[in-house]
Amino acid sequence: MSCLVKPRRDHTRQVVTRVLVSAFGGCKGTRTLEEIPQPPSWASMTDALTRFHPTRTAALERLHRFLPQAGRNYAARRNYDMGRDGHEGVSTLSPYIRARLITEAEVLQATLARHNAKSAEKFIQEVYWRTYWKGWLEMRPAVWGQYKSALKGALDNVQTQSGLRDRWEAACKGETDIDCFNTWAQELVETGYLHNHARMWFASIWIFTLRLPWELGADFFLRHLLDGDPASNTLSWRWVAGIQTPGKTYLARTSNISKYTEGRFAPKWQLAAEAPALSGPPKPDAMLLPEAGLPRPTQRTGLILHDDDLSPGFILDAGIAPVATAVITTRSGLSPLTVAGHVTDFASAAAQDTADRFGARLGTISYPAPTAEALAHWANAKELDQIVTAYAAVGPAADVLAHLATTDGAPPLYRVRRSHDSAAWPHATHGFFRFKDKIPQLLEGPWAAE
Ligand SMILES: Cc1cc2nc3c(=O)[nH]c(=O)nc-3n(C[C@H](O)[C@H](O)[C@H](O)COP(=O)(O)OP(=O)(O)OC[C@H]3O[C@@H](n4cnc5c(N)ncnc54)[C@H](O)[C@@H]3O)c2cc1C
């Protein structure tokens with residue numbers, strides 16, 4: 001693929017002009033990131049948005065199509081990866097849940113309306129894996145910072161070590177000697193989605209067979225997954241590498257790949273025979289969760305609608321009536337490199353869908369740049385007394401909001417957390433198996449009100 005300079009185009013009418021670099025740029029030498037040319041538009045090269053239409057209607061249709069499978073069928077078939085046109089054994093809801101075009105609480109409620117908790121136990125647990133990872137990282141935000149600085153170091157090495165750069169580019173392009181790996185790399189780049197088992201195999205091969213830094217693999221995922229999420233992605237890669245659960249790694253085996261792809265792949269003698277755990281910085285102690293905000297309904301209020309939570313009904317239904325809404329998308333902040341167009345376009349179009357759906361309830365809608373300065377300027381122009389927004393967990397949206405909260409002259413910012421998160425996150429103190437014991441109690445909790 002060629003390298004061309006091109007500003008990013010977002011459907012939310014933002015023009016993001018950050019100059020970044022693509023893994024596919026084939027860029028040689030020691031130029032700085034700012035000097036390396038841009039790839040052409042990605043959206044036109046993928047069918048991700050045809051497969052995952054960025055609307056709530058599409059999310060609901062997908063949920064209702066999947067619901068009959070969410071019981072024992074899911075438990076039996078969820079580990080099988082039948083290729084890009086055969087993901088019927090799983091819900092493929094993750095891009096929608098990631099943007100909260102549909103919420104975890106809605107998915108769980110619909111599941112329980114159709115199945116009893118026992119027969120849908122496996123699916124319910126998987127939905128709670130996401131909640132668990134988010135809570136775990138929220139209490140240890142330094143782990144995201146550690147990942148970002150290690151990634152920067154790995155990208156510096158890519159710039160200066162041509163052998164590493166060639167191996168990294170071959171892996172990202174799906175041009176290694178390993179067929180299944182190449183197929184998954186291409187599926188990811190072209191569709192924005194990968195089956196969970198393929199993600200595990202892919203990460204394991206990346207780390208233990210190709211011996212590439214795990215942070216580069218996690219970054220490749222974040223740049224292309226429609227559901228790319230700081231918590232689920234970083235912590236899953238750490239888990240495969242043996243850093244998250246110290247000493248416990250995930251080894252991709254030929255027999256397992258062959259069984260769960262029903263013979264599509266059998267990479268004999270090509271995979272690492274062992275997976276020695278990598279080392280990482282010590283795990284920080286869990287912090288208390290930040291306080292959630294309680295805005296006053298009587299004040300002149302502005303709402304920030306961001307791409308971590310595109311279901312603002314729970315705020316509006318609590319009596320908040322914004323006079324103005326600022327819509328921002330922050331996915332390009334997931335990586336120092338260029339995030340694929342289908343990822344930013346999905347978020348922008350999903351945000352637009354939400355703005356259209358809620359229409360008059362949002363007041364005057366604006367599309368400022370996703371920076372604290374632009375949001376403070378918007379708030380002052382609208383003469384706001386307070387700003388309200390859905391709580392954003394660790395990641396680029398949370399960074400913008402944190403910066404806004406300390407910006408001189410900006411009105412107070414209230415980050416309202418969903419009861420689903422508030423009830424579950426404090427239990428993410430140890431491993432998932434301890435957390436899982438709380439699920440029956442959580443299913444009876446206040447989240448049902450959302
Ligand atoms: C290396 C690696 C990287 C990953 N990166 C991400 C990521 O960036 N974003 C992301 O959402 N998930 C990530 N996952 C978790 C999981 O692979 C995806 O959530 C799942 O494949 C999404 O497909 P689905 O919607 O069809 O899942 P289903 O099996 O239908 O599950 C329903 C929902 O439960 C949640 N879920 C299911 N499995 C997991 C899991 N293991 N961890 C966390 N949540 C889960 C998702 O929200 C999903 O939509 C990663 C897993 C691995 C091994």
# chains A, B, ... in the order shown; residues from 1 in each chain; ligands from 1
$ residues_near_ligand --ligand "ligand 1" --cutoff "6 Å" --atoms "only C-alpha atoms and all ligand atoms" --output "NGL selection string"
:A and (90-94 or 97-98 or 126-127 or 129-130 or 195-196 or 199-200 or 203 or 227-229 or 232-233 or 236-237)
$ write_last_selection --atoms "N, CA and C atoms" --output "JSON list (two decimals), in the first residue's frame"
[["chain", "number", "residue", "atom", "x", "y", "z"],
["A", 90, "VAL", "N", -21.32, -16.93, 18.00],
["A", 90, "VAL", "CA", -21.14, -15.84, 18.97],
["A", 90, "VAL", "C", -22.03, -14.66, 18.55],
["A", 91, "SER", "N", -22.12, -13.66, 19.42],
["A", 91, "SER", "CA", -23.11, -12.60, 19.15],
["A", 91, "SER", "C", -22.61, -11.55, 18.15],
["A", 92, "THR", "N", -21.30, -11.37, 18.05],
["A", 92, "THR", "CA", -20.67, -10.26, 17.29],
["A", 92, "THR", "C", -21.27, -8.90, 17.69],
["A", 93, "LEU", "N", -21.63, -8.78, 18.96],
["A", 93, "LEU", "CA", -22.19, -7.50, 19.45],
["A", 93, "LEU", "C", -21.13, -6.53, 19.94],
["A", 94, "SER", "N", -19.88, -6.99, 20.03],
["A", 94, "SER", "CA", -18.87, -6.19, 20.74],
["A", 94, "SER", "C", -18.68, -4.76, 20.21],
["A", 97, "ILE", "N", -21.49, -2.84, 21.88],
["A", 97, "ILE", "CA", -21.36, -2.73, 23.34],
["A", 97, "ILE", "C", -20.21, -1.78, 23.67],
["A", 98, "ARG", "N", -19.14, -1.87, 22.89],
["A", 98, "ARG", "CA", -17.98, -1.01, 23.13],
["A", 98, "ARG", "C", -18.37, 0.48, 23.10],
["A", 126, "GLU", "N", -19.52, -14.12, 29.88],
["A", 126, "GLU", "CA", -18.66, -13.42, 28.90],
["A", 126, "GLU", "C", -18.95, -11.92, 28.89],
["A", 127, "VAL", "N", -20.24, -11.57, 29.00],
["A", 127, "VAL", "CA", -20.57, -10.13, 29.06],
["A", 127, "VAL", "C", -19.90, -9.52, 30.30],
["A", 129, "TRP", "N", -17.16, -10.55, 31.63],
["A", 129, "TRP", "CA", -15.70, -10.43, 31.46],
["A", 129, "TRP", "C", -15.35, -9.00, 31.09],
["A", 130, "ARG", "N", -16.12, -8.43, 30.21],
["A", 130, "ARG", "CA", -15.86, -7.04, 29.81],
["A", 130, "ARG", "C", -15.95, -6.11, 31.02],
["A", 195, "HIS", "N", -12.87, -13.33, 15.95],
["A", 195, "HIS", "CA", -13.45, -14.22, 16.95],
["A", 195, "HIS", "C", -12.52, -14.28, 18.17],
["A", 196, "ASN", "N", -13.09, -14.49, 19.36],
["A", 196, "ASN", "CA", -12.28, -14.51, 20.58],
["A", 196, "ASN", "C", -11.15, -15.55, 20.52],
["A", 199, "ARG", "N", -8.43, -14.37, 18.40],
["A", 199, "ARG", "CA", -7.63, -13.33, 19.09],
["A", 199, "ARG", "C", -6.61, -13.99, 20.01],
["A", 200, "MET", "N", -7.03, -15.06, 20.69],
["A", 200, "MET", "CA", -6.10, -15.73, 21.61],
["A", 200, "MET", "C", -4.96, -16.41, 20.83],
["A", 203, "ALA", "N", -2.64, -13.69, 19.29],
["A", 203, "ALA", "CA", -1.76, -13.03, 20.26],
["A", 203, "ALA", "C", -0.65, -13.99, 20.69],
["A", 227, "ASP", "N", -14.21, -2.95, 18.11],
["A", 227, "ASP", "CA", -14.49, -2.95, 19.54],
["A", 227, "ASP", "C", -13.25, -2.63, 20.37],
["A", 228, "GLY", "N", -12.19, -2.13, 19.72],
["A", 228, "GLY", "CA", -10.90, -1.90, 20.40],
["A", 228, "GLY", "C", -11.07, -1.15, 21.71],
["A", 229, "ASP", "N", -10.66, -1.78, 22.79],
["A", 229, "ASP", "CA", -10.97, -1.24, 24.11],
["A", 229, "ASP", "C", -9.74, -1.30, 25.00],
["A", 232, "SER", "N", -10.22, -4.35, 27.85],
["A", 232, "SER", "CA", -10.29, -5.74, 27.35],
["A", 232, "SER", "C", -9.07, -6.09, 26.52],
["A", 233, "ASN", "N", -8.59, -5.16, 25.72],
["A", 233, "ASN", "CA", -7.48, -5.48, 24.83],
["A", 233, "ASN", "C", -6.15, -5.58, 25.59],
["A", 236, "SER", "N", -6.15, -8.53, 28.06],
["A", 236, "SER", "CA", -6.13, -9.84, 27.40],
["A", 236, "SER", "C", -4.75, -10.13, 26.83],
["A", 237, "TRP", "N", -4.13, -9.15, 26.21],
["A", 237, "TRP", "CA", -2.76, -9.37, 25.70],
["A", 237, "TRP", "C", -1.81, -9.67, 26.86]]
$ residues_around --residues "region 408-424 of chain A" --least-positions-apart "5" --cutoff "10 Å" --atoms "only C-alpha atoms" --output "PyMOL selection string"
chain A and resi 103-105+128+131-132+134-135+289-296+301-304+314-315+372-373+375-380+383-393+398+401-402+435+438-439+441-443+445-450
$ closest_residue --among "A:Lys148, A:His403, A:Lys283, A:Arg357" --to "His430 (chain A)" --atoms "only C-alpha atoms"
A:Lys283
$ closest_residue --among "A:Ala324, A:Ala99, A:Ala142, A:Leu216" --to "Ile365 (chain A)" --atoms "only C-alpha atoms"
A:Ala324
